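Containing PDB, C-alpha atoms and all ligand atoms: query06.pdb.
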```pdb
ATOM      1  CA  MET U   4     177.610-183.891  -0.359
ATOM      2  CA  LEU U   5     175.023-184.021  -3.092
ATOM      3  CA  ILE U   6     175.785-181.831  -6.109
ATOM      4  CA  LEU U   7     172.979-181.337  -8.617
ATOM      5  CA  GLU U   8     173.013-179.514 -11.945
ATOM      6  CA  CYS U   9     169.844-177.732 -12.945
ATOM      7  CA  PRO U  10     169.046-178.750 -16.547
ATOM      8  CA  CYS U  11     166.999-175.573 -17.009
ATOM      9  CA  CYS U  12     169.671-172.941 -16.295
ATOM     10  CA  GLY U  13     172.822-175.084 -16.179
ATOM     11  CA  VAL U  14     173.888-174.051 -12.666
ATOM     12  CA  ALA U  15     175.413-176.753 -10.461
ATOM     13  CA  GLY U  16     175.142-176.437  -6.727
ATOM     14  CA  GLU U  17     174.888-178.176  -3.403
ATOM     15  CA  GLU U  18     171.577-179.680  -2.448
ATOM     16  CA  THR U  19     170.845-176.700  -0.165
ATOM     17  CA  GLU U  20     170.326-174.617  -3.310
ATOM     18  CA  PHE U  21     167.532-176.961  -4.339
ATOM     19  CA  ALA U  22     164.332-178.237  -2.732
ATOM     20  CA  GLY U  23     163.391-181.884  -2.925
ATOM     21  CA  GLY U  24     159.950-182.729  -4.252
ATOM     22  CA  GLY U  25     159.716-186.461  -3.681
ATOM     23  CA  GLU U  26     159.598-189.371  -6.038
ATOM     24  CA  ALA U  27     159.547-188.799  -9.798
ATOM     25  CA  HIS U  28     157.507-190.571 -12.464
ATOM     26  CA  LEU U  29     154.480-191.217 -10.262
ATOM     27  CA  LYS U  30     151.372-192.445 -11.983
ATOM     28  CA  ARG U  31     148.728-189.973 -10.890
ATOM     29  CA  PHE U  32     145.211-190.882  -9.862
ATOM     30  CA  GLY U  33     142.412-188.391  -9.340
ATOM     31  CA  PRO U  34     138.617-188.285  -9.300
ATOM     32  CA  GLY U  35     137.089-191.518 -10.533
ATOM     33  CA  SER U  36     139.928-193.696  -9.307
ATOM     34  CA  SER U  37     139.441-196.397  -6.735
ATOM     35  CA  ASP U  38     140.268-195.813  -3.090
ATOM     36  CA  ASP U  39     143.171-198.258  -3.327
ATOM     37  CA  GLU U  40     144.653-196.485  -6.373
ATOM     38  CA  PHE U  41     144.360-193.080  -4.720
ATOM     39  CA  HIS U  42     145.760-194.363  -1.432
ATOM     40  CA  THR U  43     148.735-195.886  -3.238
ATOM     41  CA  TYR U  44     149.316-192.663  -5.172
ATOM     42  CA  LEU U  45     149.315-190.601  -1.971
ATOM     43  CA  PHE U  46     151.170-192.823   0.438
ATOM     44  CA  ALA U  47     153.068-195.681  -1.217
ATOM     45  CA  LYS U  48     156.446-194.242  -2.162
ATOM     46  CA  GLU U  49     159.632-196.023  -3.013
ATOM     47  CA  ASN U  50     162.566-195.640  -0.665
ATOM     48  CA  PRO U  51     165.273-197.650  -2.378
ATOM     49  CA  LYS U  52     168.814-198.247  -1.259
ATOM     50  CA  GLY U  53     170.413-197.476  -4.611
ATOM     51  CA  VAL U  54     169.048-195.989  -7.815
ATOM     52  CA  HIS U  55     166.214-193.539  -7.337
ATOM     53  CA  PHE U  56     164.404-190.941  -9.445
ATOM     54  CA  GLU U  57     163.413-187.726  -7.732
ATOM     55  CA  ARG U  58     161.779-184.380  -8.352
ATOM     56  CA  TRP U  59     163.808-181.287  -7.435
ATOM     57  CA  ARG U  60     163.182-177.549  -7.698
ATOM     58  CA  HIS U  61     165.935-174.985  -8.161
ATOM     59  CA  ALA U  62     164.568-173.016  -5.204
ATOM     60  CA  ASN U  63     167.473-170.560  -4.869
ATOM     61  CA  GLY U  64     167.983-170.180  -8.597
ATOM     62  CA  CYS U  65     165.663-170.230 -11.581
ATOM     63  CA  GLY U  66     162.807-171.768  -9.567
ATOM     64  CA  LYS U  67     162.047-174.473 -12.114
ATOM     65  CA  TRP U  68     161.302-178.139 -11.453
ATOM     66  CA  PHE U  69     163.440-180.907 -12.886
ATOM     67  CA  LEU U  70     164.097-184.604 -12.329
ATOM     68  CA  ALA U  71     167.244-186.310 -11.113
ATOM     69  CA  ALA U  72     168.459-189.884 -11.237
ATOM     70  CA  ARG U  73     170.819-190.635  -8.379
ATOM     71  CA  ASN U  74     172.106-193.305  -6.066
ATOM     72  CA  THR U  75     170.856-192.946  -2.497
ATOM     73  CA  MET U  76     173.817-194.897  -1.083
ATOM     74  CA  THR U  77     176.710-193.162  -2.839
ATOM     75  CA  LEU U  78     175.024-189.819  -3.697
ATOM     76  CA  GLU U  79     176.280-190.262  -7.268
ATOM     77  CA  VAL U  80     174.076-188.317  -9.654
ATOM     78  CA  TYR U  81     173.529-190.144 -12.939
ATOM     79  CA  GLY U  82     171.934-187.129 -14.516
ATOM     80  CA  THR U  83     169.262-184.467 -14.345
ATOM     81  CA  TYR U  84     166.615-183.877 -16.964
ATOM     82  CA  SER U  85     163.438-182.030 -17.776
ATOM     83  CA  ALA U  86     160.383-182.504 -15.582
ATOM     84  CA  GLN U  87     158.259-182.683 -18.738
ATOM     85  CA  THR U  88     159.281-186.262 -19.476
ATOM     86  CA  THR U  89     157.535-189.500 -18.652
ATOM     87  CA  GLU U  90     160.717-191.528 -18.315
ATOM     88  CA  PRO U  91     164.461-190.897 -17.995
ATOM     89  CA  PRO U  92     166.403-190.192 -21.203
ATOM     90  CA  GLN U  93     168.070-193.243 -22.740
ATOM     91  CA  LYS U  94     171.494-191.707 -22.060
ATOM     92  CA  ILE U  95     170.804-191.758 -18.299
ATOM     93  CA  LYS U  96     169.326-195.265 -18.436
ATOM     94  CA  ASP U  97     172.479-196.491 -20.199
ATOM     95  CA  LYS U  98     174.722-194.796 -17.637
ATOM     96  CA  ILE U  99     172.856-196.431 -14.747
ATOM     97  CA  SER U 100     172.931-199.851 -16.423
ATOM     98  CA  ALA U 101     176.700-199.539 -16.908
ATOM     99  CA  LYS U 102     177.339-198.542 -13.297
ATOM    100  CA  VAL U 103     174.786-200.778 -11.562
ATOM    101  CA  PRO U 104     174.895-204.180 -13.252
ATOM    102  CA  GLY U 105     171.763-206.212 -12.776
ATOM    103  CA  TRP U 106     169.635-203.217 -11.974
ATOM    104  CA  SER U 107     166.250-203.570 -13.614
ATOM    105  CA  TRP U 108     163.864-200.946 -14.856
ATOM    106  CA  ARG U 109     160.412-200.526 -13.472
ATOM    107  CA  GLU U 110     157.469-199.617 -15.619
ATOM    108  CA  PHE U 111     157.234-195.885 -16.275
ATOM    109  CA  SER U 112     153.761-194.751 -17.175
TER
HETATM  110 ZN    ZN L   1     167.906-173.582 -12.499
END
```

Just give me the structure as structure tokens.
Ligand SMILES: [Zn+2]
Amino acid sequence: MLILECPCCGVAGEETEFAGGGEAHLKRFGPGSSDDEFHTYLFAKENPKGVHFERWRHANGCGKWFLAARNTMTLEVYGTYSAQTTEPPQKIKDKISAKVPGWSWREFS
């Protein structure tokens, strides 16, 4: 069972209380971008076996969007944080590095 804590209102609940919104920290491309960039933005998503960053909405609560860092194999949640960030907080990065040795960061931009 996946338990998430909404960083906006502080309520923790099962995943059925929330709605998944796909991958977090996507680099967005719009008008003026190349076809390849736009295609990649729309269709090329990560689907890792392990650490993943996702967008979630507290659908049956405050209704706000937030981001979560979790492990797709173990369902361990490393932390949730504001959707208004461009990369995970250092505290969450440190927690992941301690629990998943050898895991490397991708570029967040
Ligand atoms: Zn909430």

- Taking all atoms listed in the file into account, report as a list in words which residues have an atom no farther than 8 Å from an atom of ligand ZN 1 (chain L). Glu8, Cys9, Pro10, Cys11, Cys12, Gly13, Val14, Arg60, His61, Gly64, Cys65, Gly66 and Lys67 of chain U

For this session: Check which residues satisfy the PyMOL selection byres (((chain U and resi 76-90) around 9) and not hetatm) in the file shown, then give them as a PyMOL selection string.
Result: chain U and resi 4-11+27-28+52-54+58-59+67-75+91-96+98-99+111-112

One decimal place gives the CA of Arg31 in chain U-CA of Val103 in chain U separation as 28.2 Å

With all atoms of range 31-46 of chain U from the file as input, state the centre and edge lengths in Å to one decimal of the axis-aligned box that has 3 Å extra on each side, as lines of an AutoDock Vina configuration file.
```
center_x = 144.1
center_y = -193.3
center_z = -5.2
size_x = 20.1
size_y = 16.0
size_z = 17.3
```

Since the input lacks some atoms of range 22-49 of chain U, please model N, CA and C atoms and print them as a PDB file, in the frame of the given file.
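Everything below was put into part31.pdb:
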```pdb
ATOM      1  N   ALA U  22     165.333-177.703  -3.654  1.00  0.00           N
ATOM      2  CA  ALA U  22     164.332-178.237  -2.732  1.00  0.00           C
ATOM      3  C   ALA U  22     163.822-179.556  -3.298  1.00  0.00           C
ATOM      4  N   GLY U  23     163.861-180.574  -2.494  1.00  0.00           N
ATOM      5  CA  GLY U  23     163.391-181.884  -2.925  1.00  0.00           C
ATOM      6  C   GLY U  23     161.883-181.912  -3.042  1.00  0.00           C
ATOM      7  N   GLY U  24     161.393-182.665  -4.028  1.00  0.00           N
ATOM      8  CA  GLY U  24     159.950-182.729  -4.252  1.00  0.00           C
ATOM      9  C   GLY U  24     159.423-184.146  -4.275  1.00  0.00           C
ATOM     10  N   GLY U  25     160.202-185.086  -3.755  1.00  0.00           N
ATOM     11  CA  GLY U  25     159.716-186.461  -3.681  1.00  0.00           C
ATOM     12  C   GLY U  25     160.014-187.276  -4.920  1.00  0.00           C
ATOM     13  N   GLU U  26     159.361-188.395  -4.981  1.00  0.00           N
ATOM     14  CA  GLU U  26     159.598-189.371  -6.038  1.00  0.00           C
ATOM     15  C   GLU U  26     159.138-188.853  -7.406  1.00  0.00           C
ATOM     16  N   ALA U  27     159.899-189.184  -8.432  1.00  0.00           N
ATOM     17  CA  ALA U  27     159.547-188.799  -9.798  1.00  0.00           C
ATOM     18  C   ALA U  27     158.798-189.928 -10.488  1.00  0.00           C
ATOM     19  N   HIS U  28     158.177-189.604 -11.601  1.00  0.00           N
ATOM     20  CA  HIS U  28     157.507-190.571 -12.464  1.00  0.00           C
ATOM     21  C   HIS U  28     156.377-191.314 -11.757  1.00  0.00           C
ATOM     22  N   LEU U  29     155.634-190.597 -10.911  1.00  0.00           N
ATOM     23  CA  LEU U  29     154.480-191.217 -10.262  1.00  0.00           C
ATOM     24  C   LEU U  29     153.318-191.279 -11.243  1.00  0.00           C
ATOM     25  N   LYS U  30     152.603-192.357 -11.210  1.00  0.00           N
ATOM     26  CA  LYS U  30     151.372-192.445 -11.983  1.00  0.00           C
ATOM     27  C   LYS U  30     150.279-191.798 -11.144  1.00  0.00           C
ATOM     28  N   ARG U  31     149.676-190.753 -11.681  1.00  0.00           N
ATOM     29  CA  ARG U  31     148.728-189.973 -10.890  1.00  0.00           C
ATOM     30  C   ARG U  31     147.311-190.527 -11.019  1.00  0.00           C
ATOM     31  N   PHE U  32     146.605-190.469  -9.901  1.00  0.00           N
ATOM     32  CA  PHE U  32     145.211-190.882  -9.862  1.00  0.00           C
ATOM     33  C   PHE U  32     144.395-189.746  -9.277  1.00  0.00           C
ATOM     34  N   GLY U  33     143.257-189.481  -9.821  1.00  0.00           N
ATOM     35  CA  GLY U  33     142.412-188.391  -9.340  1.00  0.00           C
ATOM     36  C   GLY U  33     140.976-188.851  -9.182  1.00  0.00           C
ATOM     37  N   PRO U  34     140.038-187.935  -9.406  1.00  0.00           N
ATOM     38  CA  PRO U  34     138.617-188.285  -9.300  1.00  0.00           C
ATOM     39  C   PRO U  34     138.274-189.452 -10.233  1.00  0.00           C
ATOM     40  N   GLY U  35     137.470-190.362  -9.740  1.00  0.00           N
ATOM     41  CA  GLY U  35     137.089-191.518 -10.533  1.00  0.00           C
ATOM     42  C   GLY U  35     137.972-192.723 -10.289  1.00  0.00           C
ATOM     43  N   SER U  36     139.062-192.545  -9.589  1.00  0.00           N
ATOM     44  CA  SER U  36     139.928-193.696  -9.307  1.00  0.00           C
ATOM     45  C   SER U  36     139.403-194.427  -8.074  1.00  0.00           C
ATOM     46  N   SER U  37     139.872-195.633  -7.902  1.00  0.00           N
ATOM     47  CA  SER U  37     139.441-196.397  -6.735  1.00  0.00           C
ATOM     48  C   SER U  37     140.171-195.885  -5.493  1.00  0.00           C
ATOM     49  N   ASP U  38     139.629-196.238  -4.341  1.00  0.00           N
ATOM     50  CA  ASP U  38     140.268-195.813  -3.090  1.00  0.00           C
ATOM     51  C   ASP U  38     141.673-196.385  -2.978  1.00  0.00           C
ATOM     52  N   ASP U  39     141.851-197.635  -3.404  1.00  0.00           N
ATOM     53  CA  ASP U  39     143.171-198.258  -3.327  1.00  0.00           C
ATOM     54  C   ASP U  39     144.178-197.540  -4.227  1.00  0.00           C
ATOM     55  N   GLU U  40     143.749-197.191  -5.453  1.00  0.00           N
ATOM     56  CA  GLU U  40     144.653-196.485  -6.373  1.00  0.00           C
ATOM     57  C   GLU U  40     145.050-195.121  -5.798  1.00  0.00           C
ATOM     58  N   PHE U  41     144.073-194.412  -5.254  1.00  0.00           N
ATOM     59  CA  PHE U  41     144.360-193.080  -4.720  1.00  0.00           C
ATOM     60  C   PHE U  41     145.228-193.174  -3.468  1.00  0.00           C
ATOM     61  N   HIS U  42     144.945-194.148  -2.632  1.00  0.00           N
ATOM     62  CA  HIS U  42     145.760-194.363  -1.432  1.00  0.00           C
ATOM     63  C   HIS U  42     147.200-194.667  -1.813  1.00  0.00           C
ATOM     64  N   THR U  43     147.386-195.538  -2.787  1.00  0.00           N
ATOM     65  CA  THR U  43     148.735-195.886  -3.238  1.00  0.00           C
ATOM     66  C   THR U  43     149.445-194.671  -3.805  1.00  0.00           C
ATOM     67  N   TYR U  44     148.732-193.870  -4.593  1.00  0.00           N
ATOM     68  CA  TYR U  44     149.316-192.663  -5.172  1.00  0.00           C
ATOM     69  C   TYR U  44     149.788-191.703  -4.076  1.00  0.00           C
ATOM     70  N   LEU U  45     148.975-191.554  -3.026  1.00  0.00           N
ATOM     71  CA  LEU U  45     149.315-190.601  -1.971  1.00  0.00           C
ATOM     72  C   LEU U  45     150.408-191.104  -1.029  1.00  0.00           C
ATOM     73  N   PHE U  46     150.345-192.370  -0.677  1.00  0.00           N
ATOM     74  CA  PHE U  46     151.170-192.823   0.438  1.00  0.00           C
ATOM     75  C   PHE U  46     152.235-193.869   0.129  1.00  0.00           C
ATOM     76  N   ALA U  47     152.108-194.611  -0.943  1.00  0.00           N
ATOM     77  CA  ALA U  47     153.068-195.681  -1.217  1.00  0.00           C
ATOM     78  C   ALA U  47     154.208-195.138  -2.084  1.00  0.00           C
ATOM     79  N   LYS U  48     155.287-194.780  -1.445  1.00  0.00           N
ATOM     80  CA  LYS U  48     156.446-194.242  -2.162  1.00  0.00           C
ATOM     81  C   LYS U  48     157.613-195.219  -2.042  1.00  0.00           C
ATOM     82  N   GLU U  49     158.442-195.174  -3.061  1.00  0.00           N
ATOM     83  CA  GLU U  49     159.632-196.023  -3.013  1.00  0.00           C
ATOM     84  C   GLU U  49     160.687-195.352  -2.142  1.00  0.00           C
TER      85      GLU U  49
END
```
